[in-house]
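Structure data follow from structure.cif (mmCIF, C-alpha atoms):
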```cif
data_input
#
loop_
_atom_site.group_PDB
_atom_site.id
_atom_site.type_symbol
_atom_site.label_atom_id
_atom_site.label_comp_id
_atom_site.auth_asym_id
_atom_site.auth_seq_id
_atom_site.Cartn_x
_atom_site.Cartn_y
_atom_site.Cartn_z
ATOM 1 C CA MET A 1 -11.490 -5.595 25.618
ATOM 2 C CA SER A 2 -10.520 -6.222 22.028
ATOM 3 C CA GLU A 3 -6.959 -6.332 20.783
ATOM 4 C CA ALA A 4 -7.512 -3.178 18.708
ATOM 5 C CA VAL A 5 -8.812 -1.219 21.716
ATOM 6 C CA ARG A 6 -5.944 -2.410 23.929
ATOM 7 C CA LEU A 7 -3.343 -1.552 21.294
ATOM 8 C CA ALA A 8 -4.843 1.906 20.698
ATOM 9 C CA GLY A 9 -4.583 2.635 24.422
ATOM 10 C CA LYS A 10 -0.961 1.506 24.399
ATOM 11 C CA VAL A 11 -0.099 3.670 21.383
ATOM 12 C CA ALA A 12 -1.803 6.707 22.898
ATOM 13 C CA ARG A 13 0.046 6.359 26.224
ATOM 14 C CA LEU A 14 3.522 5.180 25.201
ATOM 15 C CA ARG A 15 6.007 7.704 26.542
ATOM 16 C CA ILE A 16 8.155 8.046 23.424
ATOM 17 C CA PHE A 17 8.421 11.831 23.109
ATOM 18 C CA GLU A 18 10.995 13.941 24.907
ATOM 19 C CA ASN A 19 10.187 16.215 27.820
ATOM 20 C CA ASP A 20 12.014 19.530 28.353
ATOM 21 C CA ALA A 21 14.991 17.664 29.824
ATOM 22 C CA GLY A 22 15.333 15.433 26.762
ATOM 23 C CA ARG A 23 14.003 12.352 28.515
ATOM 24 C CA LEU A 24 11.457 10.125 26.759
ATOM 25 C CA ASP A 25 8.603 10.877 29.114
ATOM 26 C CA ARG A 26 5.676 12.222 27.057
ATOM 27 C CA SER A 27 2.955 10.396 25.171
ATOM 28 C CA LEU A 28 1.161 11.161 21.928
ATOM 29 C CA ILE A 29 -1.669 12.625 23.992
ATOM 30 C CA ASP A 30 0.744 14.693 26.126
ATOM 31 C CA VAL A 31 2.323 16.332 23.080
ATOM 32 C CA GLY A 32 -0.941 16.815 21.199
ATOM 33 C CA GLY A 33 0.421 14.686 18.392
ATOM 34 C CA GLU A 34 -1.346 13.103 15.475
ATOM 35 C CA ALA A 35 -1.175 9.482 14.354
ATOM 36 C CA LEU A 36 -1.083 8.410 10.733
ATOM 37 C CA VAL A 37 -2.604 4.934 10.663
ATOM 38 C CA VAL A 38 -1.952 2.898 7.532
ATOM 39 C CA SER A 39 -2.898 -0.734 7.038
ATOM 40 C CA GLN A 40 0.212 -2.604 5.942
ATOM 41 C CA PHE A 41 -0.232 -6.342 5.586
ATOM 42 C CA THR A 42 3.233 -6.709 4.043
ATOM 43 C CA LEU A 43 4.769 -6.198 7.500
ATOM 44 C CA ILE A 44 3.612 -9.718 8.338
ATOM 45 C CA ALA A 45 5.573 -11.224 5.445
ATOM 46 C CA ASP A 46 7.233 -14.548 6.155
ATOM 47 C CA THR A 47 10.610 -14.577 4.431
ATOM 48 C CA SER A 48 11.972 -17.712 6.094
ATOM 49 C CA LYS A 49 11.697 -19.872 2.955
ATOM 50 C CA GLY A 50 12.945 -18.969 -0.482
ATOM 51 C CA ASN A 51 12.990 -15.520 -2.027
ATOM 52 C CA ARG A 52 9.279 -14.857 -2.403
ATOM 53 C CA PRO A 53 7.591 -13.466 0.720
ATOM 54 C CA SER A 54 4.531 -15.325 1.973
ATOM 55 C CA PHE A 55 1.556 -13.436 3.384
ATOM 56 C CA ALA A 56 -0.248 -16.561 4.570
ATOM 57 C CA TYR A 57 -0.387 -15.260 8.154
ATOM 58 C CA ALA A 58 -1.905 -11.893 7.254
ATOM 59 C CA ALA A 59 -5.541 -11.461 8.227
ATOM 60 C CA ALA A 60 -8.107 -11.670 5.463
ATOM 61 C CA PRO A 61 -9.467 -8.245 4.456
ATOM 62 C CA GLU A 62 -12.932 -8.994 5.860
ATOM 63 C CA HIS A 63 -11.318 -9.513 9.278
ATOM 64 C CA ALA A 64 -8.550 -6.908 9.016
ATOM 65 C CA ARG A 65 -10.670 -3.938 7.883
ATOM 66 C CA PRO A 66 -12.889 -3.933 11.003
ATOM 67 C CA LEU A 67 -9.761 -4.198 13.196
ATOM 68 C CA PHE A 68 -8.201 -1.248 11.358
ATOM 69 C CA GLU A 69 -11.362 0.839 11.818
ATOM 70 C CA GLU A 70 -11.744 -0.179 15.472
ATOM 71 C CA PHE A 71 -8.114 0.715 16.172
ATOM 72 C CA CYS A 72 -8.498 4.143 14.549
ATOM 73 C CA ALA A 73 -11.755 4.870 16.381
ATOM 74 C CA SER A 74 -10.266 3.725 19.691
ATOM 75 C CA LEU A 75 -7.194 5.900 19.203
ATOM 76 C CA GLU A 76 -9.485 8.868 18.549
ATOM 77 C CA GLY A 77 -11.403 7.890 21.669
ATOM 78 C CA GLU A 78 -8.154 8.218 23.621
ATOM 79 C CA GLY A 79 -7.970 11.848 22.470
ATOM 80 C CA ALA A 80 -5.522 11.509 19.579
ATOM 81 C CA ARG A 81 -6.035 13.094 16.194
ATOM 82 C CA VAL A 82 -5.946 10.323 13.614
ATOM 83 C CA ALA A 83 -5.265 10.535 9.898
ATOM 84 C CA ARG A 84 -6.143 7.320 8.099
ATOM 85 C CA GLY A 85 -4.664 5.705 5.076
ATOM 86 C CA VAL A 86 -7.085 4.046 2.683
ATOM 87 C CA PHE A 87 -7.503 0.407 3.663
ATOM 88 C CA GLY A 88 -6.228 -1.941 0.971
ATOM 89 C CA ALA A 89 -5.100 0.848 -1.336
ATOM 90 C CA ARG A 90 -1.713 1.367 -2.879
ATOM 91 C CA MET A 91 -0.453 4.645 -1.419
ATOM 92 C CA GLU A 92 2.610 6.822 -1.550
ATOM 93 C CA LEU A 93 3.506 8.212 1.857
ATOM 94 C CA ALA A 94 6.052 10.781 2.882
ATOM 95 C CA LEU A 95 6.988 11.397 6.479
ATOM 96 C CA VAL A 96 9.713 12.793 8.638
ATOM 97 C CA ASN A 97 10.768 10.525 11.473
ATOM 98 C CA ASP A 98 11.901 13.022 14.096
ATOM 99 C CA GLY A 99 14.154 11.243 16.517
ATOM 100 C CA PRO A 100 15.896 7.993 17.181
ATOM 101 C CA VAL A 101 12.828 6.048 18.301
ATOM 102 C CA THR A 102 11.201 3.276 16.285
ATOM 103 C CA ILE A 103 9.288 0.679 18.257
ATOM 104 C CA VAL A 104 7.567 -2.512 17.126
ATOM 105 C CA LEU A 105 4.648 -3.313 19.415
ATOM 106 C CA ASP A 106 3.782 -6.948 19.937
ATOM 107 C CA ALA A 107 0.028 -7.285 19.838
#
```
File written out as structure tokens:
Amino acid sequence: MSEAVRLAGKVARLRIFENDAGRLDRSLIDVGGEALVVSQFTLIADTSKGNRPSFAYAAAPEHARPLFEEFCASLEGEGARVARGVFGARMELALVNDGPVTIVLDA
């Protein structure tokens, strides 16, 4: 199983949405939610040296694009609706983060 497929399954099943009692007990699939998937290589920035971020550890586009597409397709395969950002494009996004939950998943 590829990393993208495994991660898509994790995202689809993470119980991060509240049930009727207010407990985080429902997944994206349970709530009929939609995922907005945006490639964002700048999240891998290394800022440990100096003031200019390094992106040396980011995957090259020819490797990253297929992973992005496989992740999106796998998430759809789990039953989630998926809206995709444009890979490698400069985009302006607006969203409302409803709730106190932000989680970084280690791949």
Take the PyMOL selection byres ((chain A and resi 58) around 8), apply it to the structure above, and return the hits as a JSON list (two decimals) with C-alpha atoms, keeping the file's coordinate frame.
```
[["chain", "number", "residue", "atom", "x", "y", "z"],
["A", 41, "PHE", "CA", -0.23, -6.34, 5.59],
["A", 42, "THR", "CA", 3.23, -6.71, 4.04],
["A", 44, "ILE", "CA", 3.61, -9.72, 8.34],
["A", 45, "ALA", "CA", 5.57, -11.22, 5.44],
["A", 55, "PHE", "CA", 1.56, -13.44, 3.38],
["A", 56, "ALA", "CA", -0.25, -16.56, 4.57],
["A", 57, "TYR", "CA", -0.39, -15.26, 8.15],
["A", 59, "ALA", "CA", -5.54, -11.46, 8.23],
["A", 60, "ALA", "CA", -8.11, -11.67, 5.46]]
```
Rank nothing, just name the residue among A:Asp106, A:Arg52, A:Ala64, A:Leu36 nearest to Leu93 (chain A), using only C-alpha atoms.
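Smallest distance to Leu93 (chain A) is found for A:Leu36.
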Once the PyMOL selection byres ((chain A and resi 27) around 10) has been applied to the shown file, what residues remain in the selection, as a list in words?
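Selected by the PyMOL selection byres ((chain A and resi 27) around 10) in this file: Lys10, Val11, Ala12, Arg13, Leu14, Arg15, Ile16, Phe17, Glu18, Asn19, Leu24, Asp25, Arg26, Leu28, Ile29, Asp30, Val31, Gly32 and Gly33 of chain A.
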Please dump the current selection as a short mmCIF file (atom, residue, chain, number, x, y, z; two decimals), keeping the file's coordinate frame; keep C-alpha atoms.
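Wrote again_36.cif, looks like this:
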```cif
data_model
loop_
_atom_site.label_atom_id
_atom_site.label_comp_id
_atom_site.auth_asym_id
_atom_site.auth_seq_id
_atom_site.Cartn_x
_atom_site.Cartn_y
_atom_site.Cartn_z
CA LYS A 10 -0.96 1.51 24.40
CA VAL A 11 -0.10 3.67 21.38
CA ALA A 12 -1.80 6.71 22.90
CA ARG A 13 0.05 6.36 26.22
CA LEU A 14 3.52 5.18 25.20
CA ARG A 15 6.01 7.70 26.54
CA ILE A 16 8.15 8.05 23.42
CA PHE A 17 8.42 11.83 23.11
CA GLU A 18 11.00 13.94 24.91
CA ASN A 19 10.19 16.22 27.82
CA LEU A 24 11.46 10.12 26.76
CA ASP A 25 8.60 10.88 29.11
CA ARG A 26 5.68 12.22 27.06
CA LEU A 28 1.16 11.16 21.93
CA ILE A 29 -1.67 12.62 23.99
CA ASP A 30 0.74 14.69 26.13
CA VAL A 31 2.32 16.33 23.08
CA GLY A 32 -0.94 16.82 21.20
CA GLY A 33 0.42 14.69 18.39
#
```
To test your reading of the syntax: which residues would the PyMOL selection byres ((chain A and resi 79-83) around 7) return for the file shown? Reply as a list in words.
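Written out, the selection comes to Ala12, Ile29, Gly33, Glu34, Ala35, Leu36, Val37, Cys72, Leu75, Glu76, Gly77, Glu78, Arg84 and Gly85 of chain A.
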What does the file look like for those residues with C-alpha atoms, as an mmCIF file, in the frame of the given file?
```cif
data_model
loop_
_atom_site.group_PDB
_atom_site.id
_atom_site.type_symbol
_atom_site.label_atom_id
_atom_site.label_comp_id
_atom_site.auth_asym_id
_atom_site.auth_seq_id
_atom_site.Cartn_x
_atom_site.Cartn_y
_atom_site.Cartn_z
ATOM 1 C CA ALA A 12 -1.803 6.707 22.898
ATOM 2 C CA ILE A 29 -1.669 12.625 23.992
ATOM 3 C CA GLY A 33 0.421 14.686 18.392
ATOM 4 C CA GLU A 34 -1.346 13.103 15.475
ATOM 5 C CA ALA A 35 -1.175 9.482 14.354
ATOM 6 C CA LEU A 36 -1.083 8.410 10.733
ATOM 7 C CA VAL A 37 -2.604 4.934 10.663
ATOM 8 C CA CYS A 72 -8.498 4.143 14.549
ATOM 9 C CA LEU A 75 -7.194 5.900 19.203
ATOM 10 C CA GLU A 76 -9.485 8.868 18.549
ATOM 11 C CA GLY A 77 -11.403 7.890 21.669
ATOM 12 C CA GLU A 78 -8.154 8.218 23.621
ATOM 13 C CA ARG A 84 -6.143 7.320 8.099
ATOM 14 C CA GLY A 85 -4.664 5.705 5.076
#
```
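All polymer residues at most 10 Å from (-4.7, -4.7, 20.4), using all atoms listed in the file, appear as Met1, Ser2, Glu3, Ala4, Val5, Arg6, Leu7, Ala8, Gly9, Lys10, Val11, Leu67, Glu70, Phe71, Leu105, Asp106 and Ala107 of chain A.
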The selected residues should be written to file as a PDB file, in the coordinates of the input (atoms: C-alpha atoms).
```pdb
ATOM      1  CA  MET A   1     -11.490  -5.595  25.618  1.00  0.00           C
ATOM      2  CA  SER A   2     -10.520  -6.222  22.028  1.00  0.00           C
ATOM      3  CA  GLU A   3      -6.959  -6.332  20.783  1.00  0.00           C
ATOM      4  CA  ALA A   4      -7.512  -3.178  18.708  1.00  0.00           C
ATOM      5  CA  VAL A   5      -8.812  -1.219  21.716  1.00  0.00           C
ATOM      6  CA  ARG A   6      -5.944  -2.410  23.929  1.00  0.00           C
ATOM      7  CA  LEU A   7      -3.343  -1.552  21.294  1.00  0.00           C
ATOM      8  CA  ALA A   8      -4.843   1.906  20.698  1.00  0.00           C
ATOM      9  CA  GLY A   9      -4.583   2.635  24.422  1.00  0.00           C
ATOM     10  CA  LYS A  10      -0.961   1.506  24.399  1.00  0.00           C
ATOM     11  CA  VAL A  11      -0.099   3.670  21.383  1.00  0.00           C
ATOM     12  CA  LEU A  67      -9.761  -4.198  13.196  1.00  0.00           C
ATOM     13  CA  GLU A  70     -11.744  -0.179  15.472  1.00  0.00           C
ATOM     14  CA  PHE A  71      -8.114   0.715  16.172  1.00  0.00           C
ATOM     15  CA  LEU A 105       4.648  -3.313  19.415  1.00  0.00           C
ATOM     16  CA  ASP A 106       3.782  -6.948  19.937  1.00  0.00           C
ATOM     17  CA  ALA A 107       0.028  -7.285  19.838  1.00  0.00           C
TER      18      ALA A 107
END
```
Determine, counting only C-alpha atoms, which protein, DNA and RNA residues have an atom within 12 Å of an atom of Glu62 (chain A); residues of the same chain fewer than 5 positions away are not included. Present the result as a ChimeraX atom specification.
/A:67-69,87-88
Once you have the residues from the selection above, write them out as a JSON list (two decimals), keeping the file's coordinate frame, restricted to C-alpha atoms.
```json
[["chain", "number", "residue", "atom", "x", "y", "z"],
["A", 67, "LEU", "CA", -9.76, -4.20, 13.20],
["A", 68, "PHE", "CA", -8.20, -1.25, 11.36],
["A", 69, "GLU", "CA", -11.36, 0.84, 11.82],
["A", 87, "PHE", "CA", -7.50, 0.41, 3.66],
["A", 88, "GLY", "CA", -6.23, -1.94, 0.97]]
```
Could you write out as lines of an AutoDock Vina configuration file the box around region 33-41 of chain A (axis-aligned, all atoms listed in the file, 6 Å on each side), with centre and edge lengths in Å to one decimal?
```
center_x = -1.2
center_y = 4.2
center_z = 12.0
size_x = 15.3
size_y = 33.0
size_z = 24.8
```
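In this model, the gap between CA of Pro61 (chain A) and CA of Ser39 (chain A) comes to 10.3 Å.
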Quick one, how far is CA of Ile103 (chain A) from CA of Ala89 (chain A)?
24.3 Å
How far is it from CA of Asn97 (chain A) to CA of Arg23 (chain A), in Å with one decimal?
17.4 Å
